[in-house]
Protein chains: 2
Amino acid sequence: MHDILFDFISKYISLTEDEKNVILSFNLFRAVKKGTILLKEGQYSKDSYFVLKGCIRTYYITDGEEKTTAFYTEMEALTPPCVVTQTPSEYYVTCIEDTILTVSNADMEAEVNSKFPKFDTMCKMLSEELLAKERIDFNEFKISSPEQRYLNLLEKRPDLIQRVPQHQLASFLGIKPQSLSRLRGRILEKKS
Amino acid sequence: MHDILFDFISKYISLTEDEKNVILSFNLFRAVKKGTILLKEGQYSKDSYFVLKGCIRTYYITDGEEKTTAFYTEMEALTPPCVVTQTPSEYYVTCIEDTILTVSNADMEAEVNSKFPKFDTMCKMLSEELLAKERIDFNEFKISSPEQRYLNLLEKRPDLIQRVPQHQLASFLGIKPQSLSRLRGRILEKKS
DNA sequence: TTAACTCATTCACTTTAGTTAAGAAATACG
DNA sequence: CGTATTTCTTAACTAAAGTGAATGAGTTAA
């Protein structure tokens with residue numbers, strides 16, 4: 001399990017055995033059951049997550065209705081905005097599968113960085129990369145119709161369509177579950 | 001003009017006069033005429049932009065049609081994804097007003113960082129903050145209708161609605177210019 | 001095992017966005 | 001200055017998404 005984390009880190013910086021041990025000393029790994037809520041609306045939090053196995057999901061509740069906005073799966077990291085802004089969270093984070101993840105926080109990050117400053121450099125590279133990716137995803141979302149978004153997802157993240165319930169997928173695509181059903185029917189008709 | 005940049009930087013780290021001079025030695029400031037294209041589709045680039053005054057805009061061209069996805073105004077920074085991924089750019093960057101900005105690149109960043117490593121720390125903080133902001137914006141976009149998006153923009157970025165042409169604003173909101181016109185008419189009717 | 005829920009699909013209907021076209025207003029340019 | 005071009009608005013029509021309700025499948029819990 002540790003290897004997955006260190007393989008990931010090695011994409012950015014190289015670590016000595018000593019440095020790896022510093023990181024392991026924090027006991028970051030957690031096994032979390034499906035359905036567990038990691039963060040609730042209104043809560044303050046300092047925790048960042050990195051998914052080793054499984055899937056976590058972020059959602060808002062407006063007018064009593066869940067609105068799913070994102071999924072994070074293997075090798076993906078989430079630092080909820082409330083951690084950065086130090087304000088109460090506007091959304092929920094939950095596990096939609098039994099999940100293994102690391103939970104870290106700013107204090108731990110500061111301590112690691114004081115021991116080997118290249119850790120900050122890795123964080124910089126990672127968040128620049130994630131920002132670029134997020135902006136591309138946002139742009140593609142804006143310039144696409146719901147149908148194009150679905151087809152795009154089918155191509156780029158076919159796993160998500162398998163492992164995620166339809167109604168969560170729908171709101172992730174910015175539409176209602178009924179519209180997703182209909183849209184899929186439309187696509188099937190076109191093919192035939 | 002320099003003060004705007006240093007005021008911005010001071011939100012993250014404090015700089016000595018010597019350090020400021022290192023940054024100034026790079027001659028980063030550019031005055032750019034309205035309509036100038038800073039980056040074209042297909043180009044490789046290493047340049048990041050920070051807007052001191054004016055407004056820059058990113059857009060795709062698909063089926064011969066411009067699709068505007070973002071605006072960056074005073075005190076906002078853009079590192080195009082192609083800079084991070086080192087691939088040809090998928091979109092254009094242009095100035096929609098006479099604009100004053102700084103143009104920096106990874107080489108310059110590395111040199112500054114070798115002289116005072118806290119520069120990396122600032123970049124980390126900045127991109128973490130921008131990532132959190134981008135994700136919130138994306139989430140809000142997903143859970144809102146075009147009309148809600150427009151009303152939201154009216155509240156949060158009223159300046160954009162004034163300074164940006166309607167047809168660019170429309171695609172920024174994920175709809176066609178005709179739909180934006182109609183939608184605005186609808187809102188006016190409701191008020192009366 | 002049955003009863004209660006949740007989830008996905010379908011349908012009819014309403015609302016809104018896309019499309020095409022036309023004209024008015026604003027802007028750019030010779 | 002007037003002409004050309006671009007931009008914005010309006011309108012009629014089409015296509016797609018939202019809404020509310022019904023159904024059936026699958027799951028959970030008593």
# chains A, B, ... in the order shown; residues from 1 in each chain; ligands from 1
$ select_by_dssp --residues "range 5-189 of chain A" --states "helix (DSSP H, G or I)" --output "JSON, numbers by chain"
{"A": [5, 6, 7, 8, 9, 17, 18, 19, 20, 21, 22, 23, 24, 81, 82, 83, 84, 85, 106, 107, 108, 109, 110, 111, 112, 113, 114, 115, 118, 119, 120, 121, 122, 123, 124, 125, 126, 127, 128, 129, 130, 131, 132, 133, 134, 135, 136, 137, 138, 139, 140, 141, 142, 143, 146, 147, 148, 149, 150, 151, 152, 153, 154, 155, 156, 158, 159, 160, 161, 162, 163, 166, 167, 168, 169, 170, 171, 172, 177, 178, 179, 180, 181, 182, 183, 184, 185, 186, 187, 188, 189]}
$ residues_around --residues "Lys67 in chain A" --least-positions-apart "2" --cutoff "8 Å" --atoms "only C-alpha atoms (C1' of nucleotides)" --output "PDB file with N, CA, C and O atoms, in the first residue's frame"
ATOM      1  N   TYR A  59     -20.219  16.539  -2.590  1.00  0.00           N
ATOM      2  CA  TYR A  59     -21.566  16.970  -2.986  1.00  0.00           C
ATOM      3  C   TYR A  59     -22.089  18.081  -2.099  1.00  0.00           C
ATOM      4  O   TYR A  59     -21.719  18.196  -0.930  1.00  0.00           O
ATOM      5  N   TYR A  60     -22.916  18.905  -2.684  1.00  0.00           N
ATOM      6  CA  TYR A  60     -23.610  19.978  -1.978  1.00  0.00           C
ATOM      7  C   TYR A  60     -25.021  19.479  -1.662  1.00  0.00           C
ATOM      8  O   TYR A  60     -25.532  18.583  -2.339  1.00  0.00           O
ATOM      9  N   ILE A  61     -25.653  20.066  -0.652  1.00  0.00           N
ATOM     10  CA  ILE A  61     -27.093  19.847  -0.470  1.00  0.00           C
ATOM     11  C   ILE A  61     -27.775  21.200  -0.569  1.00  0.00           C
ATOM     12  O   ILE A  61     -27.564  22.085   0.262  1.00  0.00           O
ATOM     13  N   THR A  62     -28.570  21.363  -1.640  1.00  0.00           N
ATOM     14  CA  THR A  62     -29.323  22.610  -1.805  1.00  0.00           C
ATOM     15  C   THR A  62     -30.770  22.239  -2.008  1.00  0.00           C
ATOM     16  O   THR A  62     -31.091  21.348  -2.795  1.00  0.00           O
ATOM     17  N   GLU A  65     -31.595  18.701  -1.700  1.00  0.00           N
ATOM     18  CA  GLU A  65     -31.206  17.809  -2.797  1.00  0.00           C
ATOM     19  C   GLU A  65     -29.687  17.702  -2.906  1.00  0.00           C
ATOM     20  O   GLU A  65     -28.995  18.707  -2.876  1.00  0.00           O
ATOM     21  N   THR A  69     -20.578  16.986  -7.378  1.00  0.00           N
ATOM     22  CA  THR A  69     -19.763  17.796  -8.282  1.00  0.00           C
ATOM     23  C   THR A  69     -18.456  17.137  -8.694  1.00  0.00           C
ATOM     24  O   THR A  69     -17.878  17.510  -9.708  1.00  0.00           O
ATOM     25  N   GLN A 168     -25.888  10.236  -9.377  1.00  0.00           N
ATOM     26  CA  GLN A 168     -24.720  11.043  -9.006  1.00  0.00           C
ATOM     27  C   GLN A 168     -23.958  11.470 -10.257  1.00  0.00           C
ATOM     28  O   GLN A 168     -23.440  12.591 -10.350  1.00  0.00           O
ATOM     29  N   SER A 171     -25.708  14.539 -11.958  1.00  0.00           N
ATOM     30  CA  SER A 171     -25.458  15.886 -11.460  1.00  0.00           C
ATOM     31  C   SER A 171     -23.995  16.261 -11.687  1.00  0.00           C
ATOM     32  O   SER A 171     -23.673  17.428 -11.903  1.00  0.00           O
ATOM     33  N   PHE A 172     -23.119  15.264 -11.712  1.00  0.00           N
ATOM     34  CA  PHE A 172     -21.714  15.498 -12.084  1.00  0.00           C
ATOM     35  C   PHE A 172     -21.629  16.060 -13.508  1.00  0.00           C
ATOM     36  O   PHE A 172     -20.761  16.868 -13.834  1.00  0.00           O
TER      37      PHE A 172
ATOM     38  N   ILE B 143     -23.792  23.105 -10.597  1.00  0.00           N
ATOM     39  CA  ILE B 143     -25.066  22.987  -9.884  1.00  0.00           C
ATOM     40  C   ILE B 143     -26.020  24.146 -10.193  1.00  0.00           C
ATOM     41  O   ILE B 143     -27.082  24.234  -9.605  1.00  0.00           O
TER      42      ILE B 143
END
$ closest_atom_pairs --of "chain D" --to "chain B" --cutoff "9 Å" --atoms "only C-alpha atoms (C1' of nucleotides)" --output "Markdown table"
| residue | atom | partner | partner_atom | distance |
| --- | --- | --- | --- | --- |
| D:DT7 | C1' | B:His167 | CA | 7.9 |
| D:DC8 | C1' | B:Gln166 | CA | 7.7 |
| D:DT9 | C1' | B:Ser181 | CA | 6.8 |
| D:DT10 | C1' | B:Arg182 | CA | 8.7 |
$ write_last_selection --atoms "all heavy atoms" --output "short mmCIF file (atom, residue, chain, number, x, y, z; two decimals), in the first residue's frame"
data_model
loop_
_atom_site.label_atom_id
_atom_site.label_comp_id
_atom_site.auth_asym_id
_atom_site.auth_seq_id
_atom_site.Cartn_x
_atom_site.Cartn_y
_atom_site.Cartn_z
P DT D 7 -17.54 40.94 -32.92
OP1 DT D 7 -16.49 41.03 -31.90
OP2 DT D 7 -17.89 39.65 -33.55
"O5'" DT D 7 -18.87 41.59 -32.33
"C5'" DT D 7 -18.83 42.93 -31.83
"C4'" DT D 7 -20.21 43.33 -31.37
"O4'" DT D 7 -21.08 43.49 -32.51
"C3'" DT D 7 -20.89 42.30 -30.46
"O3'" DT D 7 -21.31 42.98 -29.30
"C2'" DT D 7 -22.05 41.77 -31.29
"C1'" DT D 7 -22.34 42.96 -32.20
N1 DT D 7 -23.01 42.66 -33.50
C2 DT D 7 -24.12 43.40 -33.84
O2 DT D 7 -24.60 44.27 -33.14
N3 DT D 7 -24.66 43.08 -35.07
C4 DT D 7 -24.21 42.12 -35.96
O4 DT D 7 -24.78 41.94 -37.03
C5 DT D 7 -23.04 41.39 -35.53
C7 DT D 7 -22.48 40.32 -36.42
C6 DT D 7 -22.50 41.69 -34.34
P DC D 8 -21.93 42.17 -28.07
OP1 DC D 8 -21.46 42.83 -26.83
OP2 DC D 8 -21.70 40.74 -28.29
"O5'" DC D 8 -23.49 42.46 -28.21
"C5'" DC D 8 -23.96 43.80 -28.09
"C4'" DC D 8 -25.41 43.84 -28.47
"O4'" DC D 8 -25.54 43.46 -29.85
"C3'" DC D 8 -26.28 42.85 -27.68
"O3'" DC D 8 -27.21 43.60 -26.90
"C2'" DC D 8 -26.95 41.98 -28.75
"C1'" DC D 8 -26.77 42.81 -30.02
N1 DC D 8 -26.68 42.03 -31.30
C2 DC D 8 -27.55 42.33 -32.35
O2 DC D 8 -28.39 43.22 -32.19
N3 DC D 8 -27.46 41.64 -33.50
C4 DC D 8 -26.55 40.68 -33.64
N4 DC D 8 -26.50 40.03 -34.81
C5 DC D 8 -25.64 40.35 -32.59
C6 DC D 8 -25.74 41.05 -31.45
P DT D 9 -28.31 42.85 -25.97
OP1 DT D 9 -28.69 43.75 -24.87
OP2 DT D 9 -27.80 41.50 -25.70
"O5'" DT D 9 -29.55 42.74 -26.94
"C5'" DT D 9 -30.04 43.92 -27.55
"C4'" DT D 9 -31.14 43.58 -28.52
"O4'" DT D 9 -30.59 42.87 -29.64
"C3'" DT D 9 -32.24 42.68 -27.94
"O3'" DT D 9 -33.47 43.38 -28.00
"C2'" DT D 9 -32.23 41.44 -28.84
"C1'" DT D 9 -31.54 41.93 -30.09
N1 DT D 9 -30.78 40.91 -30.88
C2 DT D 9 -31.13 40.70 -32.18
O2 DT D 9 -32.04 41.30 -32.73
N3 DT D 9 -30.37 39.75 -32.84
C4 DT D 9 -29.32 39.03 -32.31
O4 DT D 9 -28.71 38.23 -33.00
C5 DT D 9 -29.00 39.31 -30.93
C7 DT D 9 -27.88 38.58 -30.27
C6 DT D 9 -29.74 40.23 -30.28
P DT D 10 -34.78 42.83 -27.24
OP1 DT D 10 -35.58 43.99 -26.78
OP2 DT D 10 -34.34 41.79 -26.29
"O5'" DT D 10 -35.57 42.11 -28.43
"C5'" DT D 10 -35.87 42.84 -29.62
"C4'" DT D 10 -36.42 41.90 -30.66
"O4'" DT D 10 -35.35 41.14 -31.24
"C3'" DT D 10 -37.43 40.88 -30.14
"O3'" DT D 10 -38.70 41.17 -30.73
"C2'" DT D 10 -36.87 39.52 -30.55
"C1'" DT D 10 -35.83 39.89 -31.61
N1 DT D 10 -34.65 38.98 -31.69
C2 DT D 10 -34.30 38.46 -32.92
O2 DT D 10 -34.94 38.69 -33.94
N3 DT D 10 -33.19 37.65 -32.90
C4 DT D 10 -32.41 37.33 -31.80
O4 DT D 10 -31.45 36.60 -31.92
C5 DT D 10 -32.83 37.91 -30.55
C7 DT D 10 -32.06 37.62 -29.31
C6 DT D 10 -33.91 38.70 -30.55
#
$ interface_residues --of "chain C" --to "chain B" --cutoff "10 Å" --atoms "only C-alpha atoms (C1' of nucleotides)" --output "ChimeraX atom specification"
/C:16-19
$ write_last_selection --atoms "all heavy atoms" --output "compact mmCIF listing (two decimals), in the first residue's frame"
# COMPACT_ATOMS: atom_id res chain seq x y z
P DT C 16 -38.30 29.02 -17.85
OP1 DT C 16 -37.77 29.50 -16.56
OP2 DT C 16 -39.16 29.87 -18.69
O5' DT C 16 -37.06 28.55 -18.74
C5' DT C 16 -36.27 27.45 -18.29
C4' DT C 16 -35.31 27.05 -19.38
O4' DT C 16 -36.02 26.37 -20.44
C3' DT C 16 -34.59 28.23 -20.04
O3' DT C 16 -33.21 27.94 -20.04
C2' DT C 16 -35.16 28.26 -21.46
C1' DT C 16 -35.48 26.79 -21.67
N1 DT C 16 -36.50 26.48 -22.72
C2 DT C 16 -36.21 25.49 -23.64
O2 DT C 16 -35.17 24.87 -23.66
N3 DT C 16 -37.21 25.27 -24.57
C4 DT C 16 -38.43 25.91 -24.64
O4 DT C 16 -39.23 25.62 -25.52
C5 DT C 16 -38.66 26.93 -23.65
C7 DT C 16 -39.95 27.69 -23.65
C6 DT C 16 -37.70 27.17 -22.74
P DA C 17 -32.15 29.00 -20.54
OP1 DA C 17 -31.16 29.11 -19.45
OP2 DA C 17 -32.82 30.21 -21.07
O5' DA C 17 -31.48 28.25 -21.76
C5' DA C 17 -30.85 26.99 -21.52
C4' DA C 17 -30.51 26.33 -22.84
O4' DA C 17 -31.74 26.06 -23.56
C3' DA C 17 -29.66 27.19 -23.77
O3' DA C 17 -28.65 26.37 -24.35
C2' DA C 17 -30.66 27.69 -24.82
C1' DA C 17 -31.66 26.57 -24.87
N9 DA C 17 -33.01 26.99 -25.24
C8 DA C 17 -33.79 27.91 -24.60
N7 DA C 17 -34.97 28.10 -25.17
C5 DA C 17 -34.95 27.23 -26.25
C6 DA C 17 -35.90 26.96 -27.26
N6 DA C 17 -37.10 27.54 -27.33
N1 DA C 17 -35.57 26.04 -28.19
C2 DA C 17 -34.36 25.46 -28.11
N3 DA C 17 -33.39 25.64 -27.22
C4 DA C 17 -33.75 26.54 -26.31
P DG C 18 -27.73 26.93 -25.52
OP1 DG C 18 -26.41 26.28 -25.35
OP2 DG C 18 -27.85 28.40 -25.55
O5' DG C 18 -28.40 26.34 -26.85
C5' DG C 18 -28.34 24.93 -27.07
C4' DG C 18 -28.70 24.61 -28.52
O4' DG C 18 -30.07 25.01 -28.75
C3' DG C 18 -27.88 25.35 -29.57
O3' DG C 18 -27.65 24.47 -30.68
C2' DG C 18 -28.76 26.53 -29.97
C1' DG C 18 -30.15 25.92 -29.83
N9 DG C 18 -31.19 26.88 -29.49
C8 DG C 18 -31.22 27.74 -28.43
N7 DG C 18 -32.30 28.47 -28.38
C5 DG C 18 -33.03 28.07 -29.49
C6 DG C 18 -34.30 28.50 -29.96
O6 DG C 18 -35.06 29.35 -29.49
N1 DG C 18 -34.68 27.82 -31.13
C2 DG C 18 -33.93 26.85 -31.74
N2 DG C 18 -34.43 26.32 -32.84
N3 DG C 18 -32.75 26.44 -31.31
C4 DG C 18 -32.37 27.09 -30.18
P DT C 19 -26.87 24.95 -31.98
OP1 DT C 19 -26.29 23.76 -32.61
OP2 DT C 19 -26.02 26.11 -31.62
O5' DT C 19 -28.04 25.48 -32.92
C5' DT C 19 -29.07 24.60 -33.34
C4' DT C 19 -29.85 25.24 -34.48
O4' DT C 19 -30.83 26.16 -33.93
C3' DT C 19 -29.01 26.04 -35.48
O3' DT C 19 -29.39 25.64 -36.78
C2' DT C 19 -29.37 27.50 -35.19
C1' DT C 19 -30.80 27.36 -34.66
N1 DT C 19 -31.27 28.40 -33.71
C2 DT C 19 -32.54 28.92 -33.89
O2 DT C 19 -33.28 28.58 -34.80
N3 DT C 19 -32.92 29.84 -32.95
C4 DT C 19 -32.17 30.30 -31.87
O4 DT C 19 -32.64 31.13 -31.11
C5 DT C 19 -30.86 29.73 -31.75
C7 DT C 19 -29.97 30.16 -30.61
C6 DT C 19 -30.47 28.81 -32.66
$ interface_residues --of "chain A" --to "chain B" --cutoff "7 Å" --atoms "only C-alpha atoms" --output "VMD selection string"
chain A and resid 67 69 81 84 120 to 121 123 to 124 127 to 129 131 to 132 138 to 139 142 to 143 174
$ atom_distance --atom1 "C1' of DA22 in chain C" --atom2 "CA of Asp63 in chain B"
23.4 Å
$ residues_around --residues "range 4-6 of chain D" --least-positions-apart "3" --cutoff "10 Å" --atoms "only C-alpha atoms (C1' of nucleotides)" --output "number ranges by chain"
C: 26-30
